[in-house]
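**Q** Next up, my_file23.txt (compact mmCIF, C-alpha atoms and all ligand atoms).
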# COMPACT_ATOMS: atom_id res chain seq x y z
CA MET A 1 23.46 -39.51 -19.51
CA MET A 2 22.68 -41.00 -22.96
CA ALA A 3 22.55 -38.89 -26.10
CA ASP A 4 21.62 -40.11 -29.57
CA ASP A 5 22.16 -38.36 -32.88
CA LYS A 6 19.21 -36.01 -32.35
CA PHE A 7 20.73 -34.51 -29.20
CA TYR A 8 23.72 -32.55 -28.10
CA ARG A 9 25.19 -33.06 -24.68
CA ALA A 10 25.30 -29.45 -23.62
CA ARG A 11 27.33 -28.30 -20.62
CA VAL A 12 26.35 -25.64 -18.10
CA THR A 13 28.94 -22.88 -17.86
CA ARG A 14 27.14 -20.42 -15.59
CA ARG A 15 24.11 -20.23 -13.32
CA GLU A 16 22.63 -17.09 -11.82
CA GLU A 17 19.62 -16.80 -9.54
CA PHE A 18 17.31 -13.78 -9.93
CA ALA A 19 14.84 -14.92 -7.23
CA PRO A 20 14.26 -18.19 -5.31
CA ASP A 21 12.27 -19.61 -8.24
CA LEU A 22 13.79 -17.74 -11.19
CA TRP A 23 17.21 -18.32 -12.63
CA MET A 24 19.28 -18.37 -15.78
CA ILE A 25 21.90 -20.72 -17.12
CA ARG A 26 24.41 -20.40 -19.90
CA ILE A 27 25.49 -23.52 -21.76
CA GLN A 28 28.03 -24.64 -24.31
CA PRO A 29 25.71 -26.38 -26.76
CA GLY A 30 28.21 -29.07 -27.68
CA GLY A 31 27.93 -28.55 -31.46
CA GLU A 32 26.69 -26.13 -34.08
CA PHE A 33 23.23 -24.78 -33.31
CA LYS A 34 21.91 -22.25 -35.83
CA PHE A 35 18.80 -20.37 -34.75
CA ALA A 36 16.99 -17.11 -35.34
CA PRO A 37 16.21 -14.73 -32.44
CA GLY A 38 12.79 -15.66 -31.04
CA GLN A 39 13.18 -19.41 -31.54
CA TYR A 40 13.31 -22.03 -28.81
CA ALA A 41 15.43 -25.06 -27.99
CA THR A 42 14.24 -28.37 -26.56
CA LEU A 43 16.11 -29.18 -23.37
CA GLY A 44 16.01 -32.48 -21.58
CA ILE A 45 17.36 -34.59 -18.78
CA GLU A 46 17.55 -38.36 -18.87
CA ARG A 47 17.29 -40.43 -15.75
CA ASP A 48 16.93 -44.20 -15.41
CA GLY A 49 16.63 -44.44 -19.21
CA LYS A 50 13.68 -42.03 -19.32
CA ARG A 51 14.07 -38.66 -21.01
CA THR A 52 12.02 -35.64 -19.98
CA GLU A 53 12.07 -32.72 -22.42
CA ARG A 54 10.48 -29.28 -22.63
CA PRO A 55 10.77 -26.29 -24.97
CA TYR A 56 12.65 -23.18 -23.75
CA SER A 57 12.96 -19.87 -25.54
CA ILE A 58 16.53 -18.81 -26.19
CA VAL A 59 17.62 -15.62 -24.40
CA SER A 60 20.98 -15.29 -26.12
CA ALA A 61 21.51 -13.93 -29.61
CA PRO A 62 22.92 -16.13 -32.39
CA PHE A 63 26.28 -14.32 -32.36
CA GLU A 64 27.00 -15.40 -28.76
CA SER A 65 29.19 -18.47 -28.36
CA GLU A 66 27.14 -19.76 -25.42
CA MET A 67 23.37 -20.14 -25.20
CA GLU A 68 21.33 -18.66 -22.38
CA PHE A 69 17.96 -19.65 -20.87
CA PHE A 70 15.69 -18.08 -18.26
CA PHE A 71 13.69 -20.55 -16.14
CA GLU A 72 10.85 -20.47 -13.66
CA LEU A 73 10.68 -23.31 -11.17
CA VAL A 74 7.38 -25.21 -11.22
CA PRO A 75 7.76 -27.06 -7.90
CA GLU A 76 5.57 -30.02 -8.90
CA GLY A 77 6.81 -30.00 -12.50
CA ALA A 78 8.53 -32.93 -14.19
CA LEU A 79 11.58 -31.07 -15.52
CA THR A 80 12.19 -27.70 -13.85
CA PRO A 81 13.07 -29.16 -10.40
CA ARG A 82 15.82 -31.13 -12.17
CA LEU A 83 16.98 -28.16 -14.25
CA PHE A 84 17.07 -26.15 -11.02
CA LYS A 85 19.75 -28.44 -9.60
CA LEU A 86 22.12 -28.06 -12.56
CA GLN A 87 25.39 -26.35 -11.69
CA PRO A 88 28.35 -25.28 -13.84
CA GLY A 89 29.99 -28.39 -15.27
CA ASP A 90 26.77 -30.45 -15.34
CA GLU A 91 25.37 -31.86 -18.58
CA LEU A 92 21.93 -31.68 -20.13
CA LEU A 93 20.46 -32.77 -23.44
CA MET A 94 19.50 -30.33 -26.17
CA ARG A 95 17.84 -31.28 -29.46
CA LYS A 96 20.04 -30.25 -32.36
CA ILE A 97 17.23 -28.43 -34.18
CA PRO A 98 15.71 -25.12 -33.01
CA LYS A 99 11.99 -24.53 -33.40
CA GLY A 100 9.45 -21.75 -33.30
CA LYS A 101 8.03 -19.02 -35.50
CA CYS A 102 8.06 -16.18 -32.98
CA THR A 103 10.80 -14.49 -34.99
CA LEU A 104 10.94 -10.83 -36.00
CA ASP A 105 8.50 -10.06 -38.83
CA THR A 106 10.49 -8.39 -41.57
CA GLU A 107 8.16 -9.61 -44.35
CA SER A 108 4.83 -7.84 -43.83
CA GLY A 109 6.08 -4.28 -44.26
CA ARG A 110 4.92 -3.37 -40.72
CA LYS A 111 7.85 -1.63 -39.08
CA HIS A 112 6.60 -1.50 -35.46
CA HIS A 113 6.86 -4.53 -33.21
CA LEU A 114 4.86 -4.66 -29.99
CA LEU A 115 6.41 -7.26 -27.68
CA VAL A 116 4.28 -8.28 -24.70
CA CYS A 117 5.44 -10.83 -22.13
CA THR A 118 5.23 -12.13 -18.60
CA VAL A 119 8.32 -13.06 -16.54
CA THR A 120 10.30 -15.74 -18.46
CA GLY A 121 8.41 -14.79 -21.64
CA VAL A 122 10.91 -11.96 -22.03
CA ALA A 123 13.49 -14.50 -23.24
CA PRO A 124 12.89 -14.31 -27.02
CA PHE A 125 12.67 -10.52 -26.87
CA VAL A 126 16.05 -10.22 -25.14
CA SER A 127 17.42 -12.26 -28.04
CA PHE A 128 15.80 -9.84 -30.57
CA VAL A 129 17.31 -6.80 -28.89
CA ARG A 130 20.78 -8.26 -28.30
CA ALA A 131 20.98 -9.33 -31.94
CA LEU A 132 19.66 -6.06 -33.40
CA ALA A 133 21.77 -3.92 -31.04
CA LYS A 134 24.92 -5.58 -32.34
CA ASP A 135 23.78 -5.25 -35.97
CA TRP A 136 22.93 -1.59 -35.38
CA LYS A 137 26.30 -0.80 -33.80
CA GLU A 138 28.10 -2.58 -36.64
CA GLY A 139 26.05 -0.92 -39.40
CA ARG A 140 23.97 -3.93 -40.53
CA PHE A 141 20.65 -2.59 -39.15
CA ASP A 142 19.52 0.94 -39.97
CA GLY A 143 17.00 1.33 -37.13
CA SER A 144 14.03 1.20 -39.49
CA HIS A 145 12.22 -1.36 -37.29
CA GLN A 146 11.01 -0.09 -33.90
CA LEU A 147 10.61 -2.46 -30.93
CA TYR A 148 8.31 -1.71 -27.95
CA LEU A 149 8.54 -4.13 -25.03
CA LEU A 150 5.90 -4.42 -22.28
CA ASN A 151 7.31 -6.74 -19.61
CA GLY A 152 4.79 -7.84 -16.96
CA ALA A 153 5.50 -9.48 -13.59
CA SER A 154 3.76 -9.74 -10.24
CA ARG A 155 6.72 -8.43 -8.23
CA PRO A 156 9.72 -6.24 -9.06
CA TRP A 157 12.25 -9.02 -8.43
CA GLU A 158 10.79 -11.21 -11.18
CA PHE A 159 12.39 -9.18 -14.00
CA GLY A 160 15.51 -11.13 -14.80
CA TYR A 161 16.70 -8.77 -17.54
CA LYS A 162 15.41 -5.35 -16.42
CA GLU A 163 18.81 -3.68 -16.00
CA GLU A 164 20.06 -4.84 -19.37
CA LEU A 165 16.83 -3.76 -21.08
CA ILE A 166 16.82 -0.34 -19.40
CA ARG A 167 20.37 0.17 -20.69
CA PHE A 168 19.30 -0.82 -24.21
CA ASP A 169 16.32 1.58 -23.98
CA ALA A 170 18.66 4.44 -23.05
CA GLU A 171 21.14 3.55 -25.77
CA LEU A 172 18.99 2.54 -28.75
CA PRO A 173 16.65 5.01 -30.47
CA TRP A 174 14.53 2.19 -31.89
CA PHE A 175 13.80 0.36 -28.61
CA LYS A 176 11.38 1.21 -25.77
CA TYR A 177 11.09 -0.81 -22.58
CA VAL A 178 8.33 -0.69 -19.97
CA PRO A 179 8.42 -3.12 -17.02
CA THR A 180 5.08 -3.26 -15.22
CA VAL A 181 4.23 -4.80 -11.85
CA SER A 182 0.77 -6.13 -11.01
CA ARG A 183 1.24 -6.44 -7.21
CA PRO A 184 2.98 -3.23 -6.24
CA TRP A 185 1.47 -2.87 -2.77
CA ASP A 186 4.41 -4.43 -0.88
CA HIS A 187 6.86 -2.35 -2.90
CA ALA A 188 6.28 1.33 -2.17
CA ASP A 189 9.65 2.04 -3.78
CA TRP A 190 8.63 0.59 -7.19
CA PRO A 191 9.01 3.61 -9.48
CA GLY A 192 7.57 2.07 -12.63
CA GLU A 193 4.31 1.20 -14.31
CA ILE A 194 1.59 -0.63 -12.37
CA GLY A 195 -0.79 -3.27 -13.71
CA ARG A 196 -0.63 -6.49 -15.67
CA ALA A 197 0.93 -6.29 -19.13
CA ASP A 198 -2.50 -6.79 -20.72
CA ASP A 199 -3.99 -4.07 -18.45
CA VAL A 200 -1.58 -1.44 -19.76
CA LEU A 201 -1.55 -2.67 -23.36
CA ARG A 202 -4.21 -0.23 -24.64
CA LYS A 203 -2.57 2.76 -22.96
CA TYR A 204 0.84 2.04 -24.50
CA ALA A 205 -0.50 1.09 -27.92
CA ASP A 206 -2.21 4.53 -27.97
CA HIS A 207 0.84 6.31 -26.58
CA TRP A 208 3.19 4.74 -29.13
CA GLU A 209 0.59 5.02 -31.94
CA LEU A 210 0.67 1.32 -32.70
CA ASP A 211 -2.19 -0.03 -34.79
CA ALA A 212 -2.91 -2.95 -37.09
CA THR A 213 -1.64 -1.08 -40.16
CA ASN A 214 1.86 -0.45 -38.82
CA THR A 215 2.45 -3.09 -36.11
CA THR A 216 3.03 -6.81 -35.59
CA ALA A 217 2.35 -8.02 -32.03
CA TYR A 218 4.21 -10.79 -30.22
CA LEU A 219 2.74 -12.34 -27.06
CA CYS A 220 4.82 -14.62 -24.92
CA GLY A 221 4.41 -16.36 -21.56
CA HIS A 222 1.33 -16.64 -19.33
CA PRO A 223 -1.71 -18.13 -21.12
CA ASP A 224 -4.16 -15.63 -19.55
CA MET A 225 -2.05 -12.65 -20.58
CA ILE A 226 -2.00 -14.01 -24.13
CA ALA A 227 -5.76 -14.64 -24.28
CA ASN A 228 -6.55 -11.17 -22.87
CA SER A 229 -4.03 -9.38 -25.07
CA LYS A 230 -5.26 -11.18 -28.18
CA ALA A 231 -8.84 -10.13 -27.47
CA ILE A 232 -7.76 -6.50 -26.99
CA LEU A 233 -5.66 -6.51 -30.15
CA LYS A 234 -8.38 -8.17 -32.24
CA ARG A 235 -10.83 -5.46 -31.17
CA ARG A 236 -8.22 -2.95 -32.37
CA GLY A 237 -8.12 -4.54 -35.82
CA PHE A 238 -5.28 -7.06 -35.48
CA VAL A 239 -7.25 -9.66 -37.43
CA ASP A 240 -4.76 -10.61 -40.13
CA ARG A 241 -3.37 -14.09 -39.48
CA THR A 242 0.18 -12.72 -39.47
CA ALA A 243 -0.54 -9.70 -37.23
CA ILE A 244 -0.11 -11.56 -33.93
CA LYS A 245 2.59 -14.09 -33.09
CA GLU A 246 2.34 -16.00 -29.83
CA GLU A 247 4.18 -18.46 -27.63
CA VAL A 248 1.89 -19.87 -24.91
CA TYR A 249 4.21 -21.32 -22.26
CA TRP A 250 1.76 -23.69 -20.60
CA ILE A 251 -1.83 -24.89 -20.63
CA PRO A 252 -3.69 -23.73 -17.52
CA ALA A 253 -4.85 -26.58 -15.25
CA LYS A 254 -8.65 -27.10 -15.48
C1 LIG B 1 7.59 -22.44 -26.97
C2 LIG B 1 7.76 -22.50 -25.47
C3 LIG B 1 8.81 -21.81 -24.88
C4 LIG B 1 8.98 -21.87 -23.49
N1 LIG B 1 9.99 -21.15 -22.92
C5 LIG B 1 10.15 -21.15 -21.58
C6 LIG B 1 11.19 -20.38 -20.96
O1 LIG B 1 11.96 -19.67 -21.63
N2 LIG B 1 11.33 -20.47 -19.61
C7 LIG B 1 10.48 -21.24 -18.84
O2 LIG B 1 10.66 -21.29 -17.61
N3 LIG B 1 9.49 -21.96 -19.41
C8 LIG B 1 9.31 -21.94 -20.74
N4 LIG B 1 8.32 -22.70 -21.31
C9 LIG B 1 7.56 -23.63 -20.45
C10 LIG B 1 8.35 -24.95 -20.36
O3 LIG B 1 8.36 -25.60 -21.60
C11 LIG B 1 7.75 -25.92 -19.32
O4 LIG B 1 6.39 -26.10 -19.60
C12 LIG B 1 7.89 -25.41 -17.90
O5 LIG B 1 9.28 -25.18 -17.62
C13 LIG B 1 7.35 -26.41 -16.87
O6 LIG B 1 7.99 -27.65 -17.06
P1 LIG B 1 7.90 -28.79 -15.92
O7 LIG B 1 8.24 -30.08 -16.58
O8 LIG B 1 8.71 -28.39 -14.73
O9 LIG B 1 6.39 -28.76 -15.50
P2 LIG B 1 5.15 -29.74 -16.09
O10 LIG B 1 5.36 -31.08 -15.45
O11 LIG B 1 5.26 -29.65 -17.58
O12 LIG B 1 3.94 -28.97 -15.60
C14 LIG B 1 3.28 -29.19 -14.37
C15 LIG B 1 2.03 -28.29 -14.30
O13 LIG B 1 2.42 -26.91 -14.15
C16 LIG B 1 1.81 -26.07 -15.16
N5 LIG B 1 2.83 -25.07 -15.50
C17 LIG B 1 3.87 -25.23 -16.35
N6 LIG B 1 4.65 -24.12 -16.36
C18 LIG B 1 4.07 -23.25 -15.49
C19 LIG B 1 4.42 -21.95 -15.05
N7 LIG B 1 5.50 -21.29 -15.50
N8 LIG B 1 3.63 -21.37 -14.12
C20 LIG B 1 2.55 -22.00 -13.65
N9 LIG B 1 2.16 -23.25 -14.03
C21 LIG B 1 2.92 -23.86 -14.94
C22 LIG B 1 1.47 -27.03 -16.29
O14 LIG B 1 0.35 -26.56 -17.02
C23 LIG B 1 1.16 -28.32 -15.56
O15 LIG B 1 -0.19 -28.30 -15.12
C24 LIG B 1 8.09 -22.62 -22.69
C25 LIG B 1 7.03 -23.31 -23.30
C26 LIG B 1 6.85 -23.23 -24.66
C27 LIG B 1 5.70 -23.97 -25.28
For this file, produce the structure as structure tokens.
**A**
Amino acid sequence: MMADDKFYRARVTRREEFAPDLWMIRIQPGGEFKFAPGQYATLGIERDGKRTERPYSIVSAPFESEMEFFFELVPEGALTPRLFKLQPGDELLMRKIPKGKCTLDTESGRKHHLLVCTVTGVAPFVSFVRALAKDWKEGRFDGSHQLYLLNGASRPWEFGYKEELIRFDAELPWFKYVPTVSRPWDHADWPGEIGRADDVLRKYADHWELDATNTTAYLCGHPDMIANSKAILKRRGFVDRTAIKEEVYWIPAK
């Protein structure tokens, strides 16, 4: 594998499967990589002199020595079938510079943060909570920002980080977590919320008293969820350019 000065040769240290098409890896980046929670890295694989790269939100928090990513396999995709094969010890390329503006808004004065995502779109929000949880425990964060996470998936097994996020919800007074499943009919034992993330958005915004004066919204993952959620939020007054941050993971096929 070739790497030029724009890339690190990162090495996979761990791989864990959540479902047949959902998995995480941890990597040693191979050099210093400074990022803010909510940003993404550009990962790539080179074969026969041709490099294929895609952006991936970073799950881990900056204080962790390894970086973590949460992937969904797109069977006909150019990169994910290759990423899927990577095992501990294998190398991949990572651009040395992080990107993305889906970082926590501490500028606007709005202290509530409504985080809405589908499946792998939870990645940047796990990074927010891991980072803030550590700061809170070590006295660097006073709990004055409140995070509310609506995590949508079709099936219960698609939540890669549910257990960790439930633990954070129980532990942290400034964090609320609601996983919601849109196809619950095969899962009579699913105890949680039912509906797509955008279906339950109004209900939870009312319940948590989140409005455009006190809240910044972050939408991450499925393009339809983002379009629907944006329309709902705009009707509720989220019209300021900085009121909604988004990370659309792919463009729907026509
Ligand atoms: C800022 C940003 C952050 C991202 N973070 C993540 C992340 O954390 N984890 C992650 O898995 N992906 C993430 N993505 C998506 C990722 O960059 C790739 O697009 C995705 O992994 C598919 O790559 P591919 O080369 O396998 O498929 P491609 O060859 O790029 O795509 C093939 C076709 O599948 C469609 N498609 C792509 N992804 C999906 C999908 N998930 N479901 C259905 N159809 C799809 C495309 O529109 C295209 O028509 C992110 C995208 C952006 C823009």
**Q** Against ligand LIG 1 (chain B), which residues of chain A fall within 7 Å? For each one I want the closest pair of atoms and the distance in Å (one decimal), counting only C-alpha atoms and all ligand atoms, rows by chain and increasing residue number, as CSV.
**A**
residue,atom,partner,partner_atom,distance
A:Tyr40,CA,B:LIG1,C3,6.0
A:Arg54,CA,B:LIG1,O3,4.4
A:Pro55,CA,B:LIG1,O3,4.2
A:Tyr56,CA,B:LIG1,N1,3.4
A:Ser57,CA,B:LIG1,O1,4.0
A:Ile58,CA,B:LIG1,O1,6.5
A:Phe69,CA,B:LIG1,O1,6.0
A:Phe70,CA,B:LIG1,N2,5.2
A:Phe71,CA,B:LIG1,O2,3.4
A:Glu72,CA,B:LIG1,O2,4.0
A:Leu73,CA,B:LIG1,O8,6.5
A:Val74,CA,B:LIG1,O8,4.9
A:Glu76,CA,B:LIG1,C14,6.0
A:Gly77,CA,B:LIG1,O9,3.3
A:Ala78,CA,B:LIG1,O7,3.7
A:Leu79,CA,B:LIG1,O7,3.6
A:Thr80,CA,B:LIG1,O8,3.7
A:Pro81,CA,B:LIG1,O8,6.2
A:Gly100,CA,B:LIG1,C1,6.6
A:Thr120,CA,B:LIG1,N2,5.0
A:Gly121,CA,B:LIG1,O1,6.0
A:Ala123,CA,B:LIG1,O1,5.6
A:Glu247,CA,B:LIG1,C1,5.3
A:Val248,CA,B:LIG1,C27,5.6
A:Tyr249,CA,B:LIG1,C25,3.6
A:Trp250,CA,B:LIG1,O14,4.8
A:Ile251,CA,B:LIG1,O14,4.5
A:Pro252,CA,B:LIG1,O14,5.0
A:Ala253,CA,B:LIG1,O15,5.0
**Q** Which residue, A:His207, A:Asp105, A:Val200, A:Pro156, has the smallest gap to Trp185 of chain A when you use all atoms listed in the file?
**A**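 Nearest to Trp185 of chain A: A:Pro156.
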**Q** Counting all atoms listed in the file, which residue out of A:Ile97, A:Pro223, A:Leu43, A:Arg183 sits closest to Asp5 of chain A?
**A**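 The answer is A:Ile97, which sits nearest to Asp5 of chain A.
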**Q** Which residue out of A:Lys50, A:Lys230, A:Lys254, A:Lys245 has the minimum interatomic distance to Lys101 of chain A when all atoms listed in the file are used?
**A**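 Closest to Lys101 of chain A, using all atoms listed in the file: A:Lys245.
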**Q** List as a PyMOL selection string the protein and nucleic acid residues near Lys176 of chain A, meaning an atom at most 12 Å away when only C-alpha atoms are counted, but skip any in the same chain fewer than 3 places from it.
**A** chain A and resi 112-116+125+129+145-151+165-173+179+204+207-208
